[in-house]
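Below is run29.txt, holding compact mmCIF, C-alpha atoms.
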```txt
# COMPACT_ATOMS: atom_id res chain seq x y z
CA MET A 25 -25.45 26.42 -29.64
CA LYS A 26 -25.02 27.95 -26.20
CA LYS A 27 -21.70 29.75 -25.88
CA GLN A 28 -19.30 27.87 -23.63
CA LYS A 29 -17.74 29.60 -20.67
CA LYS A 30 -14.00 30.09 -21.17
CA VAL A 31 -11.98 27.69 -19.06
CA ASP A 32 -8.58 28.37 -17.50
CA VAL A 33 -6.90 25.02 -18.15
CA LYS A 34 -3.75 25.92 -16.21
CA LYS A 35 -5.75 26.83 -13.12
CA LEU A 36 -7.82 23.66 -13.49
CA LEU A 37 -4.74 21.45 -13.64
CA GLU A 38 -3.21 23.22 -10.65
CA ALA A 39 -6.43 22.63 -8.68
CA ALA A 40 -6.37 18.97 -9.68
CA GLN A 41 -2.91 18.60 -8.12
CA GLU A 42 -3.96 20.16 -4.82
CA PRO A 43 -5.40 16.93 -3.28
CA SER A 44 -2.07 15.19 -3.94
CA LYS A 45 -0.16 17.93 -2.13
CA ILE A 46 -2.46 17.74 0.88
CA ALA A 47 -2.41 13.92 0.86
CA ARG A 48 1.38 13.91 1.26
CA LYS A 49 0.99 16.00 4.42
CA LEU A 50 -1.99 14.26 6.01
CA HIS A 51 -1.11 10.61 5.47
CA PRO A 52 2.01 10.77 7.69
CA PHE A 53 0.10 12.95 10.17
CA TYR A 54 -2.60 10.30 10.73
CA ARG A 55 -0.31 7.34 9.94
CA GLY A 56 -3.13 5.53 8.20
CA LYS A 57 -6.85 6.08 7.67
CA ILE A 58 -8.44 3.22 9.59
CA GLU A 59 -8.03 1.47 12.94
CA VAL A 60 -9.72 -1.24 15.03
CA VAL A 61 -11.79 -0.06 17.99
CA PRO A 62 -14.02 -2.07 20.36
CA LYS A 63 -17.74 -2.34 19.64
CA CYS A 64 -18.61 -4.08 22.92
CA ARG A 65 -18.78 -2.46 26.35
CA VAL A 66 -15.83 -2.77 28.74
CA LYS A 67 -17.02 -1.56 32.16
CA ASP A 68 -13.98 -2.99 33.93
CA LEU A 69 -11.34 -5.66 33.43
CA ASN A 70 -13.70 -8.39 34.67
CA ASP A 71 -15.55 -8.07 31.35
CA PHE A 72 -12.61 -9.73 29.63
CA SER A 73 -13.67 -13.00 31.22
CA ILE A 74 -16.76 -12.72 29.00
CA TRP A 75 -15.20 -11.35 25.84
CA TYR A 76 -12.15 -13.59 26.14
CA SER A 77 -11.23 -16.56 28.34
CA PRO A 78 -12.94 -18.41 29.94
CA GLY A 79 -16.39 -17.24 28.78
CA VAL A 80 -15.59 -17.17 25.08
CA ALA A 81 -15.05 -20.95 25.06
CA ALA A 82 -18.81 -21.48 25.31
CA VAL A 83 -19.32 -19.37 22.19
CA CYS A 84 -16.60 -21.29 20.33
CA THR A 85 -18.34 -24.55 21.22
CA ASP A 86 -21.66 -23.26 19.88
CA ILE A 87 -20.05 -22.26 16.57
CA TYR A 88 -18.29 -25.62 16.33
CA LYS A 89 -21.67 -27.36 16.59
CA ASN A 90 -23.31 -24.91 14.15
CA PRO A 91 -20.80 -23.02 11.93
CA GLU A 92 -23.49 -20.61 10.71
CA LEU A 93 -23.52 -19.06 14.19
CA VAL A 94 -20.21 -17.38 13.32
CA TYR A 95 -22.35 -14.77 11.54
CA GLU A 96 -24.32 -14.14 14.75
CA TYR A 97 -21.51 -14.29 17.32
CA THR A 98 -18.66 -12.49 15.48
CA ASN A 99 -18.14 -9.58 13.13
CA LYS A 100 -17.81 -11.89 10.10
CA TRP A 101 -21.32 -10.77 9.06
CA ASN A 102 -20.04 -7.22 8.48
CA SER A 103 -16.45 -7.83 7.33
CA VAL A 104 -14.96 -7.49 3.85
CA ALA A 105 -11.38 -8.20 2.76
CA ILE A 106 -9.97 -5.77 0.18
CA VAL A 107 -7.44 -7.94 -1.63
CA SER A 108 -4.83 -6.61 -4.07
CA ASP A 109 -1.45 -7.61 -5.45
CA GLY A 110 -0.63 -4.00 -6.35
CA THR A 111 -0.20 -4.70 -10.06
CA ARG A 112 -2.64 -2.11 -11.42
CA VAL A 113 -2.98 0.62 -8.82
CA LEU A 114 -5.05 3.56 -10.08
CA GLY A 115 -3.25 4.86 -13.17
CA LEU A 116 0.17 4.08 -11.69
CA GLY A 117 0.48 0.48 -12.88
CA ASP A 118 2.47 -2.23 -11.11
CA ILE A 119 3.80 -0.35 -8.09
CA GLY A 120 3.66 -3.25 -5.64
CA PRO A 121 1.57 -4.20 -2.59
CA GLU A 122 3.16 -1.73 -0.14
CA ALA A 123 2.56 1.23 -2.47
CA GLY A 124 -1.00 0.01 -2.99
CA MET A 125 -1.80 0.08 0.74
CA PRO A 126 -2.92 3.75 0.86
CA VAL A 127 -5.49 3.02 -1.86
CA MET A 128 -6.82 -0.05 -0.07
CA GLU A 129 -7.02 1.87 3.21
CA GLY A 130 -8.92 4.62 1.41
CA LYS A 131 -11.30 2.02 0.07
CA ALA A 132 -11.80 0.67 3.58
CA LEU A 133 -12.61 4.18 4.79
CA LEU A 134 -15.26 4.58 2.07
CA TYR A 135 -16.74 1.19 2.93
CA LYS A 136 -17.14 2.20 6.58
CA TYR A 137 -18.33 5.78 6.14
CA LEU A 138 -20.67 5.21 3.20
CA GLY A 139 -21.79 1.63 3.79
CA GLY A 140 -21.17 0.89 7.46
CA VAL A 141 -19.00 -2.06 6.38
CA ASP A 142 -15.82 -3.03 8.23
CA ALA A 143 -13.27 -3.54 5.46
CA TYR A 144 -9.64 -4.56 5.85
CA PRO A 145 -6.82 -3.93 3.33
CA ILE A 146 -4.93 -7.10 2.50
CA CYS A 147 -2.09 -6.48 0.05
CA LEU A 148 -0.44 -9.69 -1.07
CA GLY A 149 3.25 -10.35 -1.63
CA THR A 150 2.57 -12.40 -4.74
CA LYS A 151 1.57 -11.80 -8.36
CA ASP A 152 0.80 -15.44 -9.03
CA GLU A 153 -2.79 -16.05 -10.13
CA LYS A 154 -3.12 -19.39 -8.36
CA GLU A 155 -1.66 -18.06 -5.12
CA ILE A 156 -4.07 -15.13 -5.13
CA VAL A 157 -7.01 -17.50 -5.64
CA GLN A 158 -5.81 -19.86 -2.92
CA THR A 159 -5.21 -17.01 -0.47
CA VAL A 160 -8.72 -15.66 -0.90
CA LYS A 161 -10.22 -19.11 -0.52
CA ILE A 162 -8.44 -19.78 2.76
CA LEU A 163 -9.43 -16.35 4.12
CA GLN A 164 -13.15 -17.16 3.82
CA PRO A 165 -13.73 -18.17 7.47
CA SER A 166 -12.85 -14.65 8.61
CA PHE A 167 -14.84 -12.56 6.14
CA GLY A 168 -18.37 -12.11 4.85
CA GLY A 169 -17.16 -10.95 1.43
CA VAL A 170 -14.12 -10.11 -0.68
CA ASN A 171 -13.40 -7.02 -2.79
CA LEU A 172 -10.66 -7.69 -5.35
CA GLU A 173 -8.88 -4.47 -6.24
CA ASP A 174 -6.22 -3.22 -8.63
CA ILE A 175 -5.22 -6.58 -10.12
CA GLU A 176 -3.82 -6.38 -13.65
CA GLN A 177 -5.40 -8.02 -16.67
CA PRO A 178 -5.61 -10.61 -18.06
CA LYS A 179 -5.29 -12.48 -14.75
CA CYS A 180 -8.00 -10.39 -13.09
CA PHE A 181 -10.57 -12.26 -15.19
CA PRO A 182 -9.73 -15.87 -14.25
CA VAL A 183 -9.10 -14.84 -10.63
CA LEU A 184 -12.60 -13.38 -10.34
CA ASN A 185 -14.30 -16.12 -12.35
CA THR A 186 -12.65 -18.90 -10.34
CA LEU A 187 -13.43 -17.32 -7.00
CA ARG A 188 -17.06 -16.64 -7.94
CA LYS A 189 -17.45 -20.33 -8.72
CA GLU A 190 -15.51 -21.80 -5.81
CA CYS A 191 -16.16 -19.47 -2.87
CA HIS A 192 -19.20 -19.60 -0.61
CA ILE A 193 -18.99 -15.86 0.16
CA PRO A 194 -19.48 -13.06 -2.40
CA VAL A 195 -16.36 -12.06 -4.35
CA TRP A 196 -16.40 -8.85 -6.37
CA HIS A 197 -13.81 -7.09 -8.53
CA ASP A 198 -14.56 -3.40 -8.23
CA ASP A 199 -12.54 -2.47 -11.33
CA GLN A 200 -14.90 -4.70 -13.30
CA GLN A 201 -18.31 -4.93 -11.64
CA GLY A 202 -18.17 -1.68 -9.69
CA THR A 203 -17.20 0.45 -12.67
CA ALA A 204 -19.72 -1.34 -14.89
CA LEU A 205 -22.57 -0.89 -12.42
CA VAL A 206 -22.10 2.86 -12.00
CA THR A 207 -21.47 3.40 -15.72
CA LEU A 208 -24.67 1.55 -16.58
CA ALA A 209 -26.61 3.66 -14.07
CA GLY A 210 -25.33 6.88 -15.63
CA PHE A 211 -25.97 5.57 -19.14
CA ILE A 212 -29.58 4.66 -18.31
CA ASN A 213 -30.27 8.25 -17.27
CA ALA A 214 -28.25 9.75 -20.12
CA LEU A 215 -30.48 7.91 -22.60
CA LYS A 216 -33.53 9.43 -20.92
CA VAL A 217 -32.13 12.93 -21.46
CA VAL A 218 -31.44 12.43 -25.17
CA GLY A 219 -34.57 10.34 -25.75
CA LYS A 220 -32.89 7.30 -27.26
CA LYS A 221 -33.79 3.62 -26.86
CA ILE A 222 -31.27 1.20 -25.37
CA GLU A 223 -31.90 -1.49 -27.99
CA LYS A 224 -31.17 0.87 -30.88
CA VAL A 225 -28.15 2.88 -29.73
CA LYS A 226 -24.74 2.43 -31.33
CA ILE A 227 -21.90 2.57 -28.83
CA ALA A 228 -18.16 3.07 -29.31
CA MET A 229 -16.15 1.72 -26.40
CA ILE A 230 -12.61 3.06 -26.19
CA GLY A 231 -10.29 0.83 -24.23
CA ALA A 232 -10.64 -2.93 -23.77
CA GLY A 233 -9.45 -3.32 -20.21
CA ALA A 234 -11.21 -4.98 -17.30
CA ALA A 235 -13.69 -2.10 -16.87
CA ASN A 236 -14.90 -1.78 -20.45
CA ILE A 237 -15.11 -5.53 -20.95
CA CYS A 238 -17.42 -5.82 -17.95
CA ILE A 239 -19.35 -2.69 -18.97
CA SER A 240 -19.92 -4.27 -22.39
CA ARG A 241 -21.28 -7.43 -20.79
CA LEU A 242 -23.71 -5.53 -18.54
CA LEU A 243 -24.85 -3.27 -21.39
CA ILE A 244 -25.65 -6.31 -23.51
CA LEU A 245 -27.50 -8.01 -20.65
CA TYR A 246 -29.44 -4.80 -20.09
CA GLY A 247 -30.59 -4.63 -23.70
CA VAL A 248 -27.92 -3.13 -25.97
CA ASP A 249 -27.61 -5.04 -29.25
CA PRO A 250 -24.02 -6.39 -29.31
CA ALA A 251 -23.97 -5.87 -33.07
CA ASN A 252 -24.16 -2.12 -32.36
CA ILE A 253 -21.08 -2.04 -30.12
CA ILE A 254 -17.63 -1.31 -31.51
CA ILE A 255 -14.72 -1.69 -29.11
CA ALA A 256 -11.25 -0.27 -29.76
CA ASP A 257 -8.04 -1.26 -28.00
CA LEU A 258 -4.46 -0.14 -28.64
CA LYS A 259 -4.25 -2.21 -31.84
CA GLY A 260 -7.56 -1.07 -33.30
CA THR A 261 -11.19 -2.16 -33.32
CA LEU A 262 -12.22 -5.59 -32.11
CA HIS A 263 -13.75 -7.80 -34.81
CA LYS A 264 -13.84 -11.46 -35.75
CA GLU A 265 -10.65 -11.21 -37.82
CA ARG A 266 -8.60 -10.12 -34.79
CA PHE A 267 -7.08 -13.56 -34.27
CA ASP A 268 -4.45 -12.05 -31.98
CA LEU A 269 -7.20 -11.90 -29.35
CA LYS A 270 -7.84 -15.65 -29.24
CA PRO A 271 -5.51 -16.18 -26.25
CA PHE A 272 -7.67 -13.70 -24.30
CA PRO A 273 -11.13 -15.30 -23.93
CA GLU A 274 -12.97 -12.23 -22.63
CA LYS A 275 -11.75 -10.07 -25.51
CA TRP A 276 -12.21 -12.77 -28.13
CA VAL A 277 -15.87 -13.32 -27.22
CA LEU A 278 -16.52 -9.61 -27.68
CA ALA A 279 -14.56 -9.54 -30.94
CA VAL A 280 -16.85 -12.25 -32.31
CA ASP A 281 -20.15 -11.00 -30.87
CA THR A 282 -19.83 -7.24 -31.42
CA ASN A 283 -19.09 -5.01 -34.42
CA ILE A 284 -21.24 -7.02 -36.83
CA ASN A 285 -19.95 -5.07 -39.84
CA SER A 286 -16.31 -5.69 -38.89
CA VAL A 287 -15.46 -2.00 -38.89
CA CYS A 288 -11.67 -1.72 -38.96
CA GLY A 289 -9.48 1.14 -37.87
CA GLY A 290 -9.09 2.90 -34.55
CA ILE A 291 -10.96 5.28 -32.26
CA LYS A 292 -12.03 7.56 -35.10
CA GLU A 293 -13.65 4.74 -37.04
CA ALA A 294 -15.27 3.25 -33.94
CA MET A 295 -16.93 6.59 -33.13
CA GLU A 296 -18.28 7.28 -36.62
CA ASN A 297 -22.09 7.76 -36.36
CA ALA A 298 -22.13 6.36 -32.82
CA ASP A 299 -24.83 7.52 -30.39
CA ALA A 300 -22.47 7.18 -27.46
CA VAL A 301 -18.83 6.75 -26.61
CA ILE A 302 -17.71 5.12 -23.36
CA ALA A 303 -13.97 5.60 -22.88
CA LEU A 304 -11.86 4.09 -20.11
CA SER A 305 -8.48 4.20 -21.79
CA ALA A 306 -5.34 6.31 -21.60
CA PRO A 307 -5.33 9.69 -19.82
CA GLY A 308 -5.79 12.67 -22.12
CA PRO A 309 -6.39 15.19 -23.33
CA GLY A 310 -6.18 14.44 -27.04
CA VAL A 311 -6.97 10.73 -26.95
CA ILE A 312 -10.39 11.63 -28.38
CA LYS A 313 -10.56 14.56 -30.79
CA LYS A 314 -13.32 17.12 -31.21
CA GLU A 315 -13.80 16.31 -34.88
CA TRP A 316 -14.52 12.67 -34.02
CA ILE A 317 -17.36 13.75 -31.73
CA GLU A 318 -18.64 16.05 -34.46
CA ARG A 319 -19.01 12.97 -36.69
CA MET A 320 -21.09 11.07 -34.13
CA ALA A 321 -24.89 10.80 -34.34
CA LYS A 322 -27.13 13.65 -33.18
CA ASN A 323 -27.01 14.49 -29.46
CA PRO A 324 -24.20 12.09 -28.62
CA ILE A 325 -23.43 10.82 -25.13
CA VAL A 326 -19.75 11.10 -24.19
CA PHE A 327 -18.35 9.23 -21.18
CA THR A 328 -14.60 9.94 -20.96
CA CYS A 329 -13.51 8.44 -17.67
CA ALA A 330 -9.70 8.19 -17.78
CA ASN A 331 -7.98 9.63 -14.71
CA PRO A 332 -6.49 12.00 -13.81
CA VAL A 333 -7.25 13.69 -17.14
CA PRO A 334 -10.17 12.52 -19.32
CA GLU A 335 -9.61 11.48 -22.94
CA ILE A 336 -10.99 14.87 -24.01
CA TRP A 337 -11.75 17.92 -21.90
CA PRO A 338 -15.51 18.16 -21.14
CA TRP A 339 -15.85 21.65 -22.58
CA GLU A 340 -14.22 20.53 -25.82
CA ALA A 341 -16.65 17.62 -26.05
CA ARG A 342 -19.59 19.97 -25.53
CA GLU A 343 -18.23 22.40 -28.12
CA ALA A 344 -18.15 19.46 -30.54
CA GLY A 345 -21.84 18.80 -29.96
CA ALA A 346 -21.96 16.33 -27.07
CA ALA A 347 -25.35 16.47 -25.39
CA ILE A 348 -24.06 14.82 -22.21
CA VAL A 349 -20.51 14.55 -20.92
CA ALA A 350 -19.42 12.43 -17.96
CA THR A 351 -15.93 11.93 -16.53
CA GLY A 352 -14.26 10.19 -13.61
CA ARG A 353 -13.45 13.47 -11.87
CA SER A 354 -15.31 15.17 -9.05
CA ASP A 355 -14.52 18.70 -10.26
CA PHE A 356 -16.68 18.23 -13.38
CA PRO A 357 -20.41 17.46 -13.57
CA ASN A 358 -21.50 13.83 -13.95
CA GLN A 359 -18.73 12.03 -12.13
CA VAL A 360 -18.86 8.27 -12.79
CA ASN A 361 -17.46 7.04 -9.50
CA ASN A 362 -17.31 3.46 -8.18
CA SER A 363 -17.90 4.85 -4.70
CA LEU A 364 -21.56 5.28 -5.63
CA GLY A 365 -21.85 1.52 -5.98
CA PHE A 366 -19.74 -0.77 -3.83
CA PRO A 367 -20.70 0.51 -0.32
CA GLY A 368 -24.40 -0.13 -0.94
CA VAL A 369 -23.78 -3.36 -2.83
CA PHE A 370 -21.84 -4.95 0.00
CA ARG A 371 -24.16 -3.54 2.64
CA GLY A 372 -26.98 -5.40 0.92
CA VAL A 373 -25.23 -8.70 0.20
CA LEU A 374 -23.83 -8.87 3.74
CA ASP A 375 -27.22 -8.17 5.29
CA VAL A 376 -28.91 -11.02 3.42
CA ARG A 377 -25.81 -13.23 3.68
CA ALA A 378 -25.50 -13.67 -0.09
CA SER A 379 -23.09 -16.27 -1.42
CA THR A 380 -22.30 -14.43 -4.65
CA ILE A 381 -22.93 -11.24 -6.65
CA THR A 382 -24.41 -12.09 -10.03
CA ASP A 383 -24.51 -9.88 -13.12
CA SER A 384 -28.28 -9.55 -12.77
CA MET A 385 -27.78 -8.34 -9.20
CA CYS A 386 -25.38 -5.70 -10.54
CA ILE A 387 -27.99 -4.60 -13.09
CA THR A 388 -30.60 -4.35 -10.33
CA ALA A 389 -28.23 -2.17 -8.29
CA ALA A 390 -27.53 -0.01 -11.36
CA THR A 391 -31.22 0.58 -12.10
CA GLU A 392 -31.84 1.41 -8.44
CA LEU A 393 -28.94 3.88 -8.44
CA ALA A 394 -30.27 5.46 -11.63
CA SER A 395 -33.73 5.79 -10.10
CA CYS A 396 -32.34 7.71 -7.13
CA ILE A 397 -32.71 10.77 -9.34
CA GLY A 398 -36.36 11.17 -10.31
CA ASP A 399 -37.02 11.37 -14.04
CA ASN A 400 -38.14 14.98 -13.64
CA LYS A 401 -34.82 15.89 -11.98
CA ILE A 402 -32.43 14.28 -14.47
CA LYS A 403 -30.51 16.94 -16.38
CA PRO A 404 -27.63 16.94 -18.89
CA ASP A 405 -25.26 17.85 -16.04
CA LYS A 406 -27.01 15.66 -13.41
CA ILE A 407 -27.36 12.06 -14.56
CA LEU A 408 -26.08 10.49 -11.34
CA PRO A 409 -26.46 11.23 -7.65
CA THR A 410 -23.36 12.12 -5.65
CA MET A 411 -21.90 10.68 -2.46
CA ASP A 412 -23.57 13.56 -0.58
CA ASP A 413 -26.91 11.87 -1.30
CA TRP A 414 -26.20 9.28 1.39
CA GLU A 415 -29.57 7.54 1.23
CA ILE A 416 -28.62 6.08 -2.14
CA PHE A 417 -26.52 3.51 -0.27
CA PRO A 418 -29.32 1.90 1.78
CA LYS A 419 -31.53 2.03 -1.33
CA VAL A 420 -28.96 0.13 -3.39
CA ALA A 421 -28.44 -2.23 -0.45
CA ALA A 422 -32.13 -3.04 -0.24
CA ALA A 423 -32.52 -3.49 -3.99
CA ILE A 424 -29.58 -5.85 -4.38
CA GLY A 425 -30.51 -7.72 -1.20
CA VAL A 426 -34.02 -8.41 -2.46
CA LYS A 427 -32.61 -9.51 -5.82
CA ALA A 428 -30.22 -11.93 -4.10
CA ILE A 429 -33.17 -13.45 -2.25
CA LYS A 430 -35.15 -13.81 -5.51
CA GLU A 431 -32.17 -15.50 -7.14
CA LYS A 432 -31.90 -17.88 -4.17
CA VAL A 433 -28.30 -16.95 -3.38
CA ALA A 434 -29.13 -15.39 0.01
CA GLY A 435 -28.92 -17.07 3.40
CA LYS A 436 -31.46 -14.72 5.02
CA LYS A 437 -34.90 -13.74 3.76
CA LEU A 438 -35.77 -10.14 4.51
CA ASN A 439 -38.13 -7.73 2.76
CA TYR A 440 -37.06 -4.45 1.12
CA ASP A 441 -38.12 -2.25 4.03
CA ARG A 442 -36.28 -4.31 6.61
CA ILE A 443 -33.07 -4.33 4.58
CA PHE A 444 -33.38 -0.60 3.87
CA ASP A 445 -34.10 0.36 7.50
CA GLY A 446 -31.28 -1.82 8.81
CA ALA A 447 -28.79 -0.49 6.27
CA LYS A 448 -29.80 3.09 6.96
CA ALA A 449 -29.30 2.63 10.71
CA ILE A 450 -25.87 1.02 10.29
CA ILE A 451 -24.66 3.71 7.88
CA LYS A 452 -26.02 6.49 10.08
CA ARG A 453 -24.16 4.98 13.04
CA SER A 454 -20.87 4.86 11.11
CA ARG A 455 -21.11 8.50 10.14
CA ALA A 456 -22.08 9.50 13.68
CA ILE A 457 -19.10 7.65 15.16
CA THR A 458 -16.72 9.55 12.88
CA GLU A 459 -18.35 12.89 13.69
CA THR A 460 -18.27 12.16 17.44
CA MET A 461 -14.59 11.20 17.37
CA MET A 462 -13.76 14.38 15.44
CA LYS A 463 -15.67 16.56 17.91
CA SER A 464 -14.09 14.86 20.90
CA GLY A 465 -10.58 15.17 19.48
CA TYR A 466 -9.93 11.44 19.24
CA ILE A 467 -9.57 12.10 15.52
CA LYS A 468 -7.22 15.06 15.63
CA SER A 469 -7.69 18.23 13.64
CA ALA A 470 -5.13 18.72 10.90
CA LYS A 471 -5.81 22.38 10.20
CA ASP A 472 -2.22 23.37 10.85
CA LYS A 473 -1.00 20.78 8.32
CA ILE A 474 -2.77 22.15 5.25
```

In structure tokens, what does this structure look like?
Amino acid sequence: MKKQKKVDVKKLLEAAQEPSKIARKLHPFYRGKIEVVPKCRVKDLNDFSIWYSPGVAAVCTDIYKNPELVYEYTNKWNSVAIVSDGTRVLGLGDIGPEAGMPVMEGKALLYKYLGGVDAYPICLGTKDEKEIVQTVKILQPSFGGVNLEDIEQPKCFPVLNTLRKECHIPVWHDDQQGTALVTLAGFINALKVVGKKIEKVKIAMIGAGAANICISRLLILYGVDPANIIIADLKGTLHKERFDLKPFPEKWVLAVDTNINSVCGGIKEAMENADAVIALSAPGPGVIKKEWIERMAKNPIVFTCANPVPEIWPWEAREAGAAIVATGRSDFPNQVNNSLGFPGVFRGVLDVRASTITDSMCITAATELASCIGDNKIKPDKILPTMDDWEIFPKVAAAIGVKAIKEKVAGKKLNYDRIFDGAKAIIKRSRAITETMMKSGYIKSAKDKI
């Protein structure tokens, strides 16, 4: 085995804290990360008679006669609401809607810069499931899509399921579908590296929260045999004798359908002889032990994606024999990051005016994301592209847009090339606007603040 380079853990942890230190200085400096700016020309004040009263009345009348024109005459076609009640913000838990605002603003920034999508943070002053559902439903006239974010389980499941059924615009929960999509993409390429078949692999899934439940569903739809999946939560492995899970439908279905041999125990037992472990559980290190990886099958795949510290340090996992290690952090190879998924997904569904985002659309986006690295370029430390590879976003947009059209959930019929070219132009424009405003000084330099 190749000798591992010695790692200075103290220095690594200090480096990991640096973004937080800078964030505390820059957030009050900029007083937010997004703003509204005009996209129409204003040559002089007379133009307001066109953009506002009296000229705008003619446009209102047209939309009244044909409501679909709202997509042509307003920015609804490119607008997403990021809706959260602040009950499960990052790894911080229930910190409230005000404290969740910086995260939602950050999400909006990523939407704009990476996907060319205008996204608006909407943090709600309620934790009530029915009120959240009703609020999203009555917001539909103003938005082309909704991104649910940082909503605690178990209510995140019925909120998403209800809205997917009852809304006429796409509703997506990034903690579920976004995480699952990117994880599946990385897993597809990881299997290529180790030369294992999807239908034969045994997978231990550590953590049974919103992310892993959705990941399990996509893995099964993609071809993993549910009998070969063992899921472990805080009380142990999920199996058909776990009657305490009956009040939680999403968990109970998996308890019945997976773990065919009813393996009991905890993380250790779930990982025994597994080909892969996918962990989205409690921050580590020490949640997963080296000796448990040593007892996995040959050339195991280890996804340890807890933040800010993975369930086991990557170098420890490699020392234990892991062939591939992925985490949720950008300072290690193979970052599994939702930001690789949602900007392109919503670019595509907005461009074809999709009414929903189905699981099969998510799988299509995942396979497209995986294919953005050619088979001859996939390596143990390079199973996913990074956000620097900006053309992945129009590619994902085009793939998911075409799939929406095939599934007959799209309001516009466009071919792959047209969706791709349009998405590429919009994203390029968004990045250019930011660069221009920085150069001109309208986005101020903060060099003296860091």

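Closest approach to A:Gly168 from the set A:Ala298, A:Ile325, A:Ala209, A:Leu374 is made by A:Leu374, with distances taken over all atoms listed in the file.
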
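With all atoms listed in the file as the atoms that count, the residue of A:Lys221, A:Arg112, A:Lys154, A:Arg55 with the shortest distance to A:Glu129 is A:Arg55.
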
Given the choices A:Tyr440, A:Trp196, A:Phe366, A:Phe167, which gets closest to A:Leu393 if the distance is worked out from all atoms listed in the file?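 Closest residue, counting all atoms listed in the file: A:Phe366.
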
Who sits within 10 Å of stretch 77-88 of chain A, all atoms listed in the file, same chain under 6 positions skipped, as a list in words: Asp71, Val94, Tyr95, Glu96, Tyr97 and Thr98 of chain A

Selection from above, C-alpha atoms, as a PDB file, in the coordinates of the input, can you write it?
```
ATOM      1  CA  ASP A  71     -15.550  -8.070  31.350  1.00  0.00           C
ATOM      2  CA  VAL A  94     -20.210 -17.380  13.320  1.00  0.00           C
ATOM      3  CA  TYR A  95     -22.350 -14.770  11.540  1.00  0.00           C
ATOM      4  CA  GLU A  96     -24.320 -14.140  14.750  1.00  0.00           C
ATOM      5  CA  TYR A  97     -21.510 -14.290  17.320  1.00  0.00           C
ATOM      6  CA  THR A  98     -18.660 -12.490  15.480  1.00  0.00           C
TER       7      THR A  98
END
```

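Across A:Val277, A:Ala321, A:Ala422, A:Ala214, the tightest approach to A:Lys406 is made by A:Ala214 when counting all atoms listed in the file.
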
A:Ser305, A:Asn331, A:Asn323, A:Thr458 ranked by distance to A:Val218, top pick (using all atoms listed in the file):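 Ranking A:Ser305, A:Asn331, A:Asn323, A:Thr458 by distance to A:Val218, first place goes to A:Asn323.
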
Which one is closest to A:Pro52: A:Lys275, A:Val33, A:Pro126, A:Leu408? Count all atoms listed in the file.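 The answer is A:Pro126, which sits nearest to A:Pro52.
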
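For the pair atom CA of A:Leu114 and atom CA of A:Asn361, the interatomic distance is 12.9 Å.
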
In Å, how far is it from atom CA of A:Ala235 to atom CA of A:Ile254?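 Distance reported for this atom pair: 15.2 Å.
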